[in-house]
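Shown next: coords16.txt, containing compact mmCIF, N, CA, C and O atoms.
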```txt
# COMPACT_ATOMS: atom_id res chain seq x y z
N MET A 1 0.82 -1.19 0.00
CA MET A 1 0.00 0.00 0.00
C MET A 1 0.86 1.25 0.00
O MET A 1 0.52 2.23 -0.64
N ASN A 2 1.96 1.24 0.74
CA ASN A 2 2.86 2.39 0.77
C ASN A 2 3.49 2.65 -0.58
O ASN A 2 3.85 3.77 -0.89
N VAL A 3 3.65 1.62 -1.36
CA VAL A 3 4.24 1.76 -2.67
C VAL A 3 3.33 2.62 -3.55
O VAL A 3 3.78 3.49 -4.29
N LEU A 4 2.05 2.39 -3.48
CA LEU A 4 1.11 3.15 -4.29
C LEU A 4 1.05 4.62 -3.87
O LEU A 4 0.92 5.52 -4.68
N ARG A 5 1.12 4.88 -2.57
CA ARG A 5 1.07 6.25 -2.08
C ARG A 5 2.33 7.03 -2.43
O ARG A 5 2.28 8.24 -2.59
N GLY A 6 3.39 6.38 -2.57
CA GLY A 6 4.65 7.05 -2.83
C GLY A 6 4.83 7.44 -4.28
O GLY A 6 5.72 8.22 -4.62
N THR A 7 4.04 6.89 -5.16
CA THR A 7 4.23 7.22 -6.57
C THR A 7 3.66 8.60 -6.87
O THR A 7 2.70 9.06 -6.28
N SER A 8 4.30 9.26 -7.79
CA SER A 8 3.83 10.59 -8.19
C SER A 8 3.03 10.46 -9.49
O SER A 8 3.11 9.44 -10.17
N ARG A 9 2.32 11.52 -9.81
CA ARG A 9 1.53 11.50 -11.04
C ARG A 9 2.46 11.58 -12.25
O ARG A 9 3.48 12.24 -12.22
N THR A 10 2.01 10.99 -13.31
CA THR A 10 2.80 11.06 -14.53
C THR A 10 2.41 12.30 -15.30
O THR A 10 1.43 12.97 -15.00
N ALA A 11 3.16 12.62 -16.33
CA ALA A 11 2.90 13.83 -17.12
C ALA A 11 1.57 13.74 -17.84
O ALA A 11 0.89 14.73 -18.03
N GLY A 12 1.16 12.56 -18.23
CA GLY A 12 -0.11 12.39 -18.92
C GLY A 12 -1.30 12.73 -18.03
O GLY A 12 -2.27 13.34 -18.46
N LEU A 13 -1.25 12.36 -16.77
CA LEU A 13 -2.34 12.67 -15.85
C LEU A 13 -2.37 14.15 -15.51
O LEU A 13 -3.43 14.71 -15.28
N ALA A 14 -1.22 14.81 -15.47
CA ALA A 14 -1.19 16.23 -15.17
C ALA A 14 -1.84 17.04 -16.28
O ALA A 14 -2.53 18.02 -16.03
N SER A 15 -1.67 16.63 -17.53
CA SER A 15 -2.31 17.35 -18.63
C SER A 15 -3.83 17.15 -18.58
O SER A 15 -4.59 18.03 -18.95
N GLY A 16 -4.29 16.01 -18.11
CA GLY A 16 -5.71 15.77 -17.95
C GLY A 16 -6.32 16.68 -16.89
O GLY A 16 -7.44 17.14 -17.03
N ALA A 17 -5.56 16.95 -15.84
CA ALA A 17 -6.06 17.83 -14.78
C ALA A 17 -6.18 19.26 -15.29
O ALA A 17 -7.14 19.96 -14.96
N SER A 18 -5.24 19.70 -16.10
CA SER A 18 -5.32 21.06 -16.63
C SER A 18 -6.50 21.19 -17.61
O SER A 18 -7.18 22.21 -17.63
N LEU A 19 -6.75 20.15 -18.37
CA LEU A 19 -7.89 20.15 -19.27
C LEU A 19 -9.19 20.19 -18.47
O LEU A 19 -10.14 20.91 -18.80
N ARG A 20 -9.23 19.42 -17.39
CA ARG A 20 -10.40 19.40 -16.52
C ARG A 20 -10.63 20.77 -15.90
O ARG A 20 -11.76 21.26 -15.83
N ASN A 21 -9.56 21.43 -15.45
CA ASN A 21 -9.69 22.78 -14.89
C ASN A 21 -10.19 23.77 -15.94
O ASN A 21 -10.99 24.65 -15.64
N LEU A 22 -9.73 23.62 -17.16
CA LEU A 22 -10.17 24.49 -18.24
C LEU A 22 -11.67 24.31 -18.52
O LEU A 22 -12.40 25.29 -18.71
N VAL A 23 -12.12 23.08 -18.50
CA VAL A 23 -13.54 22.80 -18.73
C VAL A 23 -14.39 23.39 -17.60
O VAL A 23 -15.45 23.97 -17.83
N VAL A 24 -13.93 23.26 -16.36
CA VAL A 24 -14.66 23.82 -15.22
C VAL A 24 -14.74 25.34 -15.34
O VAL A 24 -15.79 25.94 -15.10
N MET A 25 -13.65 25.98 -15.72
CA MET A 25 -13.66 27.44 -15.88
C MET A 25 -14.62 27.85 -17.00
O MET A 25 -15.34 28.84 -16.87
N ALA A 26 -14.65 27.09 -18.09
CA ALA A 26 -15.57 27.40 -19.18
C ALA A 26 -17.02 27.24 -18.72
O ALA A 26 -17.88 28.06 -19.08
N GLU A 27 -17.31 26.23 -17.93
CA GLU A 27 -18.66 26.03 -17.42
C GLU A 27 -19.08 27.17 -16.50
O GLU A 27 -20.21 27.65 -16.56
N VAL A 28 -18.17 27.62 -15.65
CA VAL A 28 -18.48 28.73 -14.74
C VAL A 28 -18.72 30.00 -15.55
O VAL A 28 -19.67 30.75 -15.28
N ALA A 29 -17.89 30.27 -16.55
CA ALA A 29 -18.07 31.46 -17.38
C ALA A 29 -19.40 31.39 -18.13
O ALA A 29 -20.13 32.39 -18.19
N LEU A 30 -19.75 30.24 -18.66
CA LEU A 30 -21.02 30.09 -19.36
C LEU A 30 -22.21 30.27 -18.42
O LEU A 30 -23.21 30.88 -18.79
N SER A 31 -22.08 29.76 -17.20
CA SER A 31 -23.18 29.94 -16.24
C SER A 31 -23.37 31.41 -15.89
O SER A 31 -24.50 31.87 -15.73
N PHE A 32 -22.28 32.18 -15.81
CA PHE A 32 -22.41 33.62 -15.57
C PHE A 32 -23.10 34.32 -16.74
O PHE A 32 -23.95 35.18 -16.55
N VAL A 33 -22.73 33.94 -17.95
CA VAL A 33 -23.36 34.53 -19.14
C VAL A 33 -24.85 34.24 -19.15
O VAL A 33 -25.68 35.12 -19.40
N LEU A 34 -25.23 32.99 -18.84
CA LEU A 34 -26.64 32.63 -18.81
C LEU A 34 -27.38 33.34 -17.69
O LEU A 34 -28.53 33.77 -17.86
N LEU A 35 -26.76 33.49 -16.54
CA LEU A 35 -27.38 34.18 -15.41
C LEU A 35 -27.61 35.65 -15.74
O LEU A 35 -28.70 36.19 -15.51
N ILE A 36 -26.63 36.30 -16.33
CA ILE A 36 -26.77 37.71 -16.70
C ILE A 36 -27.82 37.87 -17.80
O ILE A 36 -28.66 38.76 -17.76
N GLY A 37 -27.81 36.97 -18.77
CA GLY A 37 -28.79 37.03 -19.85
C GLY A 37 -30.21 36.84 -19.34
O GLY A 37 -31.13 37.55 -19.76
N SER A 38 -30.41 35.90 -18.43
CA SER A 38 -31.76 35.69 -17.90
C SER A 38 -32.20 36.89 -17.06
O SER A 38 -33.38 37.27 -17.07
N GLY A 39 -31.28 37.51 -16.33
CA GLY A 39 -31.62 38.72 -15.57
C GLY A 39 -32.03 39.86 -16.48
O GLY A 39 -33.01 40.57 -16.20
N LEU A 40 -31.32 40.04 -17.57
CA LEU A 40 -31.68 41.09 -18.53
C LEU A 40 -33.02 40.81 -19.20
O LEU A 40 -33.82 41.73 -19.43
N MET A 41 -33.29 39.54 -19.51
CA MET A 41 -34.56 39.20 -20.12
C MET A 41 -35.71 39.44 -19.14
O MET A 41 -36.76 39.96 -19.53
N PHE A 42 -35.53 39.10 -17.88
CA PHE A 42 -36.55 39.35 -16.87
C PHE A 42 -36.79 40.84 -16.71
O PHE A 42 -37.94 41.28 -16.62
N ARG A 43 -35.72 41.61 -16.70
CA ARG A 43 -35.85 43.07 -16.58
C ARG A 43 -36.61 43.65 -17.78
O ARG A 43 -37.47 44.52 -17.62
N SER A 44 -36.32 43.16 -18.98
CA SER A 44 -37.02 43.62 -20.17
C SER A 44 -38.50 43.25 -20.11
O SER A 44 -39.37 44.05 -20.49
N PHE A 45 -38.80 42.07 -19.61
CA PHE A 45 -40.19 41.65 -19.48
C PHE A 45 -40.93 42.56 -18.50
O PHE A 45 -42.07 42.95 -18.75
N MET A 46 -40.30 42.90 -17.40
CA MET A 46 -40.93 43.78 -16.42
C MET A 46 -41.16 45.18 -17.01
O MET A 46 -42.18 45.81 -16.75
N GLU A 47 -40.23 45.66 -17.82
CA GLU A 47 -40.40 46.96 -18.46
C GLU A 47 -41.54 46.92 -19.48
O GLU A 47 -42.28 47.89 -19.63
N LEU A 48 -41.70 45.80 -20.18
CA LEU A 48 -42.79 45.67 -21.14
C LEU A 48 -44.15 45.68 -20.44
O LEU A 48 -45.14 46.11 -21.03
N GLN A 49 -44.20 45.22 -19.21
CA GLN A 49 -45.46 45.24 -18.47
C GLN A 49 -45.90 46.67 -18.15
O GLN A 49 -47.07 46.93 -17.96
N ARG A 50 -44.96 47.59 -18.09
CA ARG A 50 -45.25 48.98 -17.74
C ARG A 50 -45.55 49.86 -18.95
O ARG A 50 -45.94 51.01 -18.79
N VAL A 51 -45.37 49.35 -20.16
CA VAL A 51 -45.57 50.15 -21.36
C VAL A 51 -47.06 50.35 -21.62
O VAL A 51 -47.86 49.42 -21.51
N ASP A 52 -47.44 51.58 -21.95
CA ASP A 52 -48.83 51.89 -22.29
C ASP A 52 -49.08 51.47 -23.74
O ASP A 52 -48.46 52.00 -24.66
N PRO A 53 -49.99 50.49 -24.00
CA PRO A 53 -50.21 50.03 -25.36
C PRO A 53 -51.00 51.01 -26.22
O PRO A 53 -51.10 50.83 -27.43
N GLY A 54 -51.59 52.04 -25.63
CA GLY A 54 -52.35 53.01 -26.40
C GLY A 54 -53.83 52.70 -26.47
O GLY A 54 -54.58 53.41 -27.13
N PHE A 55 -54.27 51.65 -25.82
CA PHE A 55 -55.69 51.29 -25.74
C PHE A 55 -55.93 50.59 -24.42
O PHE A 55 -55.00 50.19 -23.73
N ASP A 56 -57.20 50.45 -24.05
CA ASP A 56 -57.55 49.78 -22.80
C ASP A 56 -57.62 48.27 -23.05
O ASP A 56 -58.54 47.79 -23.72
N PRO A 57 -56.68 47.49 -22.55
CA PRO A 57 -56.67 46.05 -22.82
C PRO A 57 -57.66 45.26 -21.97
O PRO A 57 -57.83 44.07 -22.19
N HIS A 58 -58.33 45.89 -21.02
CA HIS A 58 -59.29 45.18 -20.17
C HIS A 58 -60.56 44.91 -20.96
O HIS A 58 -61.01 45.74 -21.76
N ASN A 59 -61.14 43.75 -20.75
CA ASN A 59 -62.36 43.31 -21.44
C ASN A 59 -62.18 43.32 -22.96
O ASN A 59 -63.11 43.63 -23.70
N LEU A 60 -61.02 42.97 -23.41
CA LEU A 60 -60.72 42.94 -24.83
C LEU A 60 -60.75 41.48 -25.30
O LEU A 60 -60.17 40.60 -24.65
N MET A 61 -61.41 41.23 -26.41
CA MET A 61 -61.49 39.88 -26.94
C MET A 61 -60.76 39.86 -28.28
O MET A 61 -60.94 40.76 -29.11
N THR A 62 -59.92 38.87 -28.48
CA THR A 62 -59.22 38.72 -29.75
C THR A 62 -59.72 37.48 -30.47
O THR A 62 -60.29 36.58 -29.85
N LEU A 63 -59.48 37.42 -31.75
CA LEU A 63 -59.98 36.33 -32.56
C LEU A 63 -58.95 36.00 -33.62
O LEU A 63 -58.36 36.89 -34.24
N GLN A 64 -58.73 34.71 -33.80
CA GLN A 64 -57.82 34.27 -34.86
C GLN A 64 -58.55 33.22 -35.69
O GLN A 64 -59.04 32.23 -35.16
N LEU A 65 -58.64 33.47 -36.97
CA LEU A 65 -59.31 32.55 -37.88
C LEU A 65 -58.28 31.64 -38.52
O LEU A 65 -57.30 32.11 -39.08
N VAL A 66 -58.52 30.34 -38.43
CA VAL A 66 -57.61 29.37 -39.01
C VAL A 66 -58.40 28.47 -39.96
O VAL A 66 -59.40 27.89 -39.56
N GLY A 67 -57.96 28.39 -41.17
CA GLY A 67 -58.54 27.46 -42.11
C GLY A 67 -59.67 28.02 -42.96
O GLY A 67 -59.62 27.95 -44.17
N ALA A 68 -60.72 28.55 -42.34
CA ALA A 68 -61.91 28.99 -43.08
C ALA A 68 -61.59 30.09 -44.10
O ALA A 68 -61.99 29.97 -45.26
N PRO A 69 -60.88 31.16 -43.74
CA PRO A 69 -60.60 32.19 -44.75
C PRO A 69 -59.72 31.69 -45.88
O PRO A 69 -59.75 32.24 -46.98
N LEU A 70 -58.94 30.65 -45.63
CA LEU A 70 -58.07 30.14 -46.68
C LEU A 70 -58.88 29.44 -47.77
O LEU A 70 -58.49 29.43 -48.93
N ARG A 71 -60.01 28.83 -47.40
CA ARG A 71 -60.83 28.12 -48.39
C ARG A 71 -61.67 29.08 -49.22
O ARG A 71 -62.10 28.75 -50.31
N LEU A 72 -61.94 30.27 -48.68
CA LEU A 72 -62.76 31.25 -49.40
C LEU A 72 -61.85 32.05 -50.34
O LEU A 72 -61.01 32.82 -49.91
N GLN A 73 -62.05 31.85 -51.62
CA GLN A 73 -61.12 32.42 -52.59
C GLN A 73 -61.48 33.85 -53.00
O GLN A 73 -60.61 34.66 -53.20
N THR A 74 -62.75 34.16 -53.12
CA THR A 74 -63.12 35.47 -53.65
C THR A 74 -63.25 36.49 -52.52
O THR A 74 -63.59 36.13 -51.39
N PRO A 75 -63.00 37.75 -52.79
CA PRO A 75 -63.17 38.79 -51.76
C PRO A 75 -64.62 38.89 -51.27
O PRO A 75 -64.86 39.22 -50.11
N GLU A 76 -65.58 38.58 -52.14
CA GLU A 76 -66.99 38.63 -51.74
C GLU A 76 -67.28 37.58 -50.67
O GLU A 76 -67.99 37.84 -49.70
N GLU A 77 -66.74 36.38 -50.86
CA GLU A 77 -66.94 35.31 -49.87
C GLU A 77 -66.32 35.69 -48.53
O GLU A 77 -66.91 35.45 -47.48
N ARG A 78 -65.14 36.28 -48.59
CA ARG A 78 -64.49 36.72 -47.35
C ARG A 78 -65.29 37.82 -46.66
O ARG A 78 -65.43 37.82 -45.44
N ALA A 79 -65.85 38.74 -47.44
CA ALA A 79 -66.64 39.83 -46.86
C ALA A 79 -67.90 39.29 -46.19
O ALA A 79 -68.28 39.74 -45.11
N VAL A 80 -68.54 38.29 -46.81
CA VAL A 80 -69.73 37.69 -46.21
C VAL A 80 -69.36 37.01 -44.90
O VAL A 80 -70.06 37.15 -43.88
N LEU A 81 -68.27 36.27 -44.89
CA LEU A 81 -67.83 35.59 -43.66
C LEU A 81 -67.53 36.60 -42.56
O LEU A 81 -67.96 36.42 -41.42
N MET A 82 -66.81 37.67 -42.89
CA MET A 82 -66.48 38.67 -41.88
C MET A 82 -67.74 39.36 -41.35
O MET A 82 -67.84 39.67 -40.17
N GLY A 83 -68.72 39.58 -42.22
CA GLY A 83 -69.99 40.16 -41.78
C GLY A 83 -70.72 39.24 -40.81
O GLY A 83 -71.27 39.68 -39.80
N GLN A 84 -70.73 37.93 -41.10
CA GLN A 84 -71.37 36.96 -40.21
C GLN A 84 -70.67 36.91 -38.86
O GLN A 84 -71.31 36.85 -37.81
N ILE A 85 -69.35 36.93 -38.89
CA ILE A 85 -68.59 36.92 -37.64
C ILE A 85 -68.87 38.18 -36.83
O ILE A 85 -69.08 38.12 -35.62
N ALA A 86 -68.90 39.33 -37.50
CA ALA A 86 -69.18 40.58 -36.80
C ALA A 86 -70.57 40.56 -36.17
O ALA A 86 -70.75 41.03 -35.03
N GLN A 87 -71.58 40.00 -36.87
CA GLN A 87 -72.92 39.90 -36.30
C GLN A 87 -72.92 39.04 -35.04
O GLN A 87 -73.54 39.38 -34.05
N ARG A 88 -72.26 37.90 -35.10
CA ARG A 88 -72.21 37.01 -33.94
C ARG A 88 -71.47 37.64 -32.77
O ARG A 88 -71.84 37.44 -31.62
N LEU A 89 -70.43 38.40 -33.06
CA LEU A 89 -69.68 39.04 -31.98
C LEU A 89 -70.48 40.15 -31.32
O LEU A 89 -70.33 40.41 -30.13
N ARG A 90 -71.36 40.80 -32.06
CA ARG A 90 -72.19 41.86 -31.48
C ARG A 90 -73.19 41.32 -30.47
O ARG A 90 -73.72 42.05 -29.65
N ARG A 91 -73.47 40.02 -30.51
CA ARG A 91 -74.40 39.40 -29.56
C ARG A 91 -73.80 39.25 -28.16
O ARG A 91 -74.54 39.07 -27.20
N PHE A 92 -72.48 39.29 -28.06
CA PHE A 92 -71.84 39.16 -26.75
C PHE A 92 -72.14 40.39 -25.89
O PHE A 92 -72.09 41.51 -26.39
N PRO A 93 -72.42 40.18 -24.62
CA PRO A 93 -72.65 41.34 -23.75
C PRO A 93 -71.34 42.09 -23.53
O PRO A 93 -70.27 41.48 -23.43
N VAL A 94 -71.45 43.38 -23.48
CA VAL A 94 -70.26 44.21 -23.27
C VAL A 94 -70.17 44.52 -21.79
O VAL A 94 -71.10 45.01 -21.18
N CYS A 95 -69.02 44.22 -21.21
CA CYS A 95 -68.80 44.50 -19.79
C CYS A 95 -68.14 45.86 -19.66
O CYS A 95 -67.10 46.09 -20.25
N LYS A 96 -68.74 46.73 -18.91
CA LYS A 96 -68.16 48.04 -18.68
C LYS A 96 -67.86 48.18 -17.20
O LYS A 96 -68.72 48.04 -16.37
N ALA A 97 -66.61 48.42 -16.91
CA ALA A 97 -66.20 48.52 -15.51
C ALA A 97 -66.35 49.91 -14.98
O ALA A 97 -66.43 50.89 -15.63
```
Show how you would write the structure in this file as structure tokens.
Amino acid sequence: MNVLRGTSRTAGLASGASLRNLVVMAEVALSFVLLIGSGLMFRSFMELQRVDPGFDPHNLMTLQLVGAPLRLQTPEERAVLMGQIAQRLRRFPVCKA
């Protein structure tokens, strides 16, 4: 057992340790970059929450049409569809705060 403890590292193992140290330093540097980037993204998100959009977003309903307008080729067909949708949307009660 004493024989094994008395041996020193060879040159090949020492180069592996320096490579390992280099990888650890790169990981730490990358983690700092990711931490700073996520902090900046969070800060930007918080600033976007404070921006005035120019309209009252409360009680606002949005609509996305998928598929149906693509099948309607003529502008007249699209106009009829949009008119029908507008009629149906007018039936919804309007909430006023």
> So how far away is atom CA of Pro57 of chain A from atom CA of Met82 of chain A, in Å?
Replying inline: 22.7 Å
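Note that the spacing between atom CA of Arg78 of chain A and atom CA of Leu60 of chain A amounts to 23.7 Å.
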>> Using Å and a single decimal, report how far atom O of Leu65 of chain A sits from atom C of Glu77 of chain A.
In response: 13.5 Å
>> Set the distance at 8 Å and use all atoms listed in the file: which residues neighbour Pro93 of chain A once local chain neighbours fewer than 4 positions away are removed? I'd like the list as a list in words.
In response: Asn59, Arg88 and Leu89 of chain A
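For Ile85 of chain A, the residues within 12 Å (counting only C-alpha atoms, excluding itself and residues fewer than 4 positions away along the chain) are Leu63, Gln64, Leu65, Ala68, Pro69, Arg78, Ala79, Val80, Leu81, Leu89, Arg90, Arg91 and Phe92 of chain A.
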